[in-house]
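Enquirer: The structure under discussion is supplied below as structure tokens; questions concerning it will follow.
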Amino acid sequence: MAALAGTAEADALKAHPGPYSGGLTPTPEEFVTGYNNFYEFGMEKDDPVSHAGDFHPLPWTLEISGMVKKPQHIDVGALLKSSDIEERIYRMRCVEAWSMVIPWDGIPLAKLLALAEPDSNARYVAFESVVRPSEMPGQSSAFSGISWPYVEGLRLDEAMNPLTLLAVGIYGESLPNQNGAPIRLVVPWKYGFKGIKSIQRIRLLDRQPPTTWNRLAPDEYGFYANVNPQVDHPRWSQASERVIGSKTLFGTKRQPTLMFNGYAEQVASLYKGMNLHESF
């Protein structure tokens with residue numbers, strides 16, 4: 001694949017088909033690589049593809065530490081050559097009420113956490129992105145309002161769910177810079193902002209970690225961020241979504257939003273007994 005503007009040259013991966021693809025048809029690649037929220041490179045949808053060309057995703061070490069018995073320092077370059085990489089075709093739903101279908105290539109997060117042997121008292125997993133303002137112009141912008149690094153978190157049982165993926169590629173090739181190179185989180189039943197990009201550090205904790213958007217606007221962006229058509233964003237409805245890359249006679253297609261983004265069978269039990277209006 002020829003490199004797009006702002007994209008490192010992609011390398012083919014040794015990915016094999018994984019579960020949960022569900023017969024979904026992927027969004028055309030030009031939309032997935034050209035329409036992004038990645039605020040480290042700017043606030044507009046085309047800023048990442050325009051401004052990510054100076055970012056160097058390799059070499060890269062992913063640290064897994066905290067409440068673990070065997071802290072890990074994983075060479076992501078070596079991971080990219082692994083034969084354990086699976087293709088997972090997942091729905092992706094942005095909190096801004098648009099959606100895509102993306103063929104991710106990655107390794108279940110549970111596999112890498114198992115290498116570190118989580119402590120029995122660990123309850124949460126915290127994620128931290130890289131800080132490189134010289135390569136990521138959005139990190140030196142006065143307009144983002146974000147305190148870097150970007151941080152995210154999951155409960156440990158969410159992180160260990162078989163759907164949760166650490167993606168290293170899309171469309172069979174290594175991640176473009178604007179899509180979170182070299183490694184990012186994919187949690188398909190949650191809104192896209194939970195999918196932290198360019199992850200440098202993962203820590204296991206016994207308490208809920210802060211997350212970037214919950215810290216910025218706690219009334220708008222909850223810790224859980226499960227896709228839920230019955231819980232609106234304070235400024236717009238979540239009942240339906242624009243399907244990026246689709247066209248009808250009347251413009252971009254809209255479709256109903258599915259509970260847990262269509263993955264209720266796999267994840268609804270994680271939230272049994274919880275009030276999903278309060279724990280949004």
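Scheme for the structure tokens: letters A, B, ... for chains in order shown; per-chain residue numbers from 1; ligand numbers from 1 in order shown.
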Would you pick out the contacts of Tyr263 in chain A at 12 Å or less, using only C-alpha atoms, so that residues sharing its chain but fewer than 6 positions from it are not included, and give the list as a PyMOL selection string?
Expert: chain A and resi 20-22+90-93+161-164+187-190+226-228+257+269-270
Enquirer: Which polymer residues have any atom within 8 Å of an atom of Tyr224 in chain A, counting only C-alpha atoms, with same-chain residues fewer than 5 positions away left out, as a ChimeraX atom specification?
Expert: /A:154,190,279-280
Enquirer: My list of candidates is A:Lys70, A:Arg242, A:Lys45, A:Lys197. Which is closest to Asn177 in chain A when distances are computed with only C-alpha atoms?
Expert: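 Looking only at the distances to Asn177 in chain A, the closest residue turns out to be A:Lys197.
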Enquirer: What gap, in Å, lies between CA of Thr25 in chain A and CA of Val101 in chain A?
Expert: 6.8 Å
Enquirer: Mind checking DSSP for range 17-141 of chain A and telling me the strand (DSSP E or B) residues as an MDAnalysis selection string?
Expert: chainID A and resid 17 61:66 68 72:75 86:93 98:108 118 124:129
Enquirer: Output C-alpha atoms for every residue in the selection just made, as an mmCIF file, in the first residue's frame.
Expert:
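result_10.cif, freshly written:
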```
data_model
loop_
_atom_site.group_PDB
_atom_site.id
_atom_site.type_symbol
_atom_site.label_atom_id
_atom_site.label_comp_id
_atom_site.auth_asym_id
_atom_site.auth_seq_id
_atom_site.Cartn_x
_atom_site.Cartn_y
_atom_site.Cartn_z
ATOM 1 C CA PRO A 17 -8.715 -14.604 10.631
ATOM 2 C CA THR A 61 8.557 -0.489 23.895
ATOM 3 C CA LEU A 62 5.241 -1.199 25.614
ATOM 4 C CA GLU A 63 5.523 -1.375 29.395
ATOM 5 C CA ILE A 64 3.115 -3.463 31.496
ATOM 6 C CA SER A 65 3.606 -2.801 35.207
ATOM 7 C CA GLY A 66 1.820 -1.991 38.455
ATOM 8 C CA VAL A 68 1.666 -7.637 38.435
ATOM 9 C CA GLN A 72 6.860 -6.719 30.952
ATOM 10 C CA HIS A 73 8.715 -4.565 28.436
ATOM 11 C CA ILE A 74 7.413 -5.670 25.041
ATOM 12 C CA ASP A 75 9.205 -4.847 21.804
ATOM 13 C CA GLU A 86 -5.613 -11.912 14.399
ATOM 14 C CA GLU A 87 -7.874 -10.015 12.042
ATOM 15 C CA ARG A 88 -11.030 -8.841 13.808
ATOM 16 C CA ILE A 89 -13.654 -6.947 11.819
ATOM 17 C CA TYR A 90 -15.425 -4.741 14.348
ATOM 18 C CA ARG A 91 -18.011 -2.016 14.369
ATOM 19 C CA MET A 92 -16.604 1.290 15.646
ATOM 20 C CA ARG A 93 -19.014 3.844 17.109
ATOM 21 C CA TRP A 98 -20.896 8.401 13.547
ATOM 22 C CA SER A 99 -19.711 4.884 12.840
ATOM 23 C CA MET A 100 -17.396 2.746 10.724
ATOM 24 C CA VAL A 101 -16.555 -0.934 10.315
ATOM 25 C CA ILE A 102 -12.819 -1.549 10.638
ATOM 26 C CA PRO A 103 -10.736 -4.691 9.969
ATOM 27 C CA TRP A 104 -8.267 -4.509 12.837
ATOM 28 C CA ASP A 105 -5.191 -6.703 13.165
ATOM 29 C CA GLY A 106 -3.998 -7.320 16.680
ATOM 30 C CA ILE A 107 -3.570 -9.498 19.744
ATOM 31 C CA PRO A 108 -6.158 -9.930 22.516
ATOM 32 C CA PRO A 118 -1.879 -9.756 37.379
ATOM 33 C CA TYR A 124 -8.420 -1.897 36.874
ATOM 34 C CA VAL A 125 -6.124 -1.382 33.911
ATOM 35 C CA ALA A 126 -4.755 2.108 33.165
ATOM 36 C CA PHE A 127 -3.375 3.124 29.762
ATOM 37 C CA GLU A 128 -1.064 6.021 28.915
ATOM 38 C CA SER A 129 -0.115 7.379 25.504
#
```
Enquirer: Could you tell me, as a ChimeraX atom specification, which residues of range 57-270 of chain A DSSP assigns to alpha helix (DSSP H) when given the backbone?
Expert: /A:76-79,109-116,156-159,212-216,264-267
Enquirer: Could you save the residues just selected, with C-alpha atoms, as a CSV table (one decimal), in the first residue's frame?
Expert:
```csv
chain,number,residue,atom,x,y,z
A,76,VAL,CA,6.3,-3.8,19.5
A,77,GLY,CA,8.5,-4.1,16.5
A,78,ALA,CA,8.9,-7.8,17.3
A,79,LEU,CA,5.2,-8.0,18.0
A,109,LEU,CA,-5.2,-7.7,25.4
A,110,ALA,CA,-5.8,-10.7,27.8
A,111,LYS,CA,-2.8,-12.5,26.2
A,112,LEU,CA,-0.4,-9.8,27.0
A,113,LEU,CA,-1.8,-9.1,30.5
A,114,ALA,CA,-1.4,-12.8,31.2
A,115,LEU,CA,2.3,-12.6,30.5
A,116,ALA,CA,2.6,-10.1,33.4
A,156,LEU,CA,-9.9,-5.7,34.6
A,157,ASP,CA,-12.8,-7.9,33.6
A,158,GLU,CA,-13.4,-5.6,30.6
A,159,ALA,CA,-9.7,-5.7,29.7
A,212,THR,CA,-8.8,12.1,29.8
A,213,TRP,CA,-12.4,12.9,28.7
A,214,ASN,CA,-14.0,12.1,32.0
A,215,ARG,CA,-11.5,14.5,33.6
A,216,LEU,CA,-12.3,17.2,31.0
A,264,ALA,CA,-24.5,-7.3,23.9
A,265,GLU,CA,-24.2,-11.1,23.7
A,266,GLN,CA,-20.5,-11.0,24.6
A,267,VAL,CA,-20.5,-8.2,27.2
```
Enquirer: Point out the residue among A:Asp84, A:Glu117, A:Glu40, A:Asp54 with the least atom-to-atom distance to Ile196 in chain A, counting only C-alpha atoms.
Expert: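 Residue with the minimum atom-to-atom distance to Ile196 in chain A: A:Glu40.
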Enquirer: Here is a test: counting only C-alpha atoms, which residue of A:Lys253, A:Arg123, A:Arg132, A:His277 is nearest to Leu205 in chain A?
Expert: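 Looking only at the distances to Leu205 in chain A, the closest residue turns out to be A:Arg123.
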Enquirer: With only C-alpha atoms as the atoms that count, which of A:Gly262, A:Pro210, A:Pro48, A:Gly245 lies nearest to Phe223 in chain A?
Expert: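 Closest candidate: A:Pro210.
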Enquirer: At a cut-off of 8 Å, using only C-alpha atoms, what residues contact Gln139 in chain A? Leave out same-chain residues fewer than 4 positions from it and give the result as a list in words.
Expert: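 Neighbouring residues, sequence-local ones excluded: Tyr39, Glu40, Phe41, Val131, Arg132, Pro133, Ser144 and Trp148 of chain A.
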Enquirer: How would the residues just chosen look if you wrote them out with N, CA and C atoms as a compact mmCIF listing (two decimals), in the first residue's frame?
Expert:
```txt
# COMPACT_ATOMS: atom_id res chain seq x y z
N TYR A 39 -6.22 13.68 18.77
CA TYR A 39 -5.99 15.08 19.12
C TYR A 39 -4.53 15.42 19.32
N GLU A 40 -3.69 14.42 19.46
CA GLU A 40 -2.26 14.67 19.51
C GLU A 40 -1.76 15.34 18.22
N PHE A 41 -2.52 15.19 17.14
CA PHE A 41 -2.14 15.79 15.85
C PHE A 41 -3.05 16.94 15.43
N VAL A 131 4.08 10.99 24.84
CA VAL A 131 4.12 12.45 24.77
C VAL A 131 5.35 12.84 23.96
N ARG A 132 5.11 13.37 22.76
CA ARG A 132 6.20 13.81 21.89
C ARG A 132 5.75 15.08 21.15
N PRO A 133 5.70 16.21 21.82
CA PRO A 133 5.19 17.42 21.16
C PRO A 133 5.96 17.83 19.92
N SER A 144 -6.27 22.60 22.49
CA SER A 144 -6.84 21.28 22.75
C SER A 144 -7.49 21.20 24.12
N TRP A 148 -1.68 16.37 28.69
CA TRP A 148 -1.02 15.17 28.16
C TRP A 148 -0.20 14.48 29.25
```
Enquirer: Do you have the CA of Pro26 in chain A-CA of Val151 in chain A distance handy?
Expert: 28.1 Å
Enquirer: So the first atom is CA of Ile183 in chain A and the second is CA of Ile202 in chain A; what is the distance between them in Å, to one decimal place?
Expert: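 According to the coordinates, CA of Ile183 in chain A and CA of Ile202 in chain A are separated by 11.8 Å.
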Enquirer: Out of A:Gly192, A:Asp11, A:His16, A:Glu135, which residue has the shortest atom-to-atom distance to Asn36 in chain A when counting only C-alpha atoms?
Expert: A:Gly192
Enquirer: Between A:Tyr171, A:Val95, A:Pro182, A:Ala10, which is the closest to Ser237 in chain A once you count only C-alpha atoms?
Expert: A:Val95
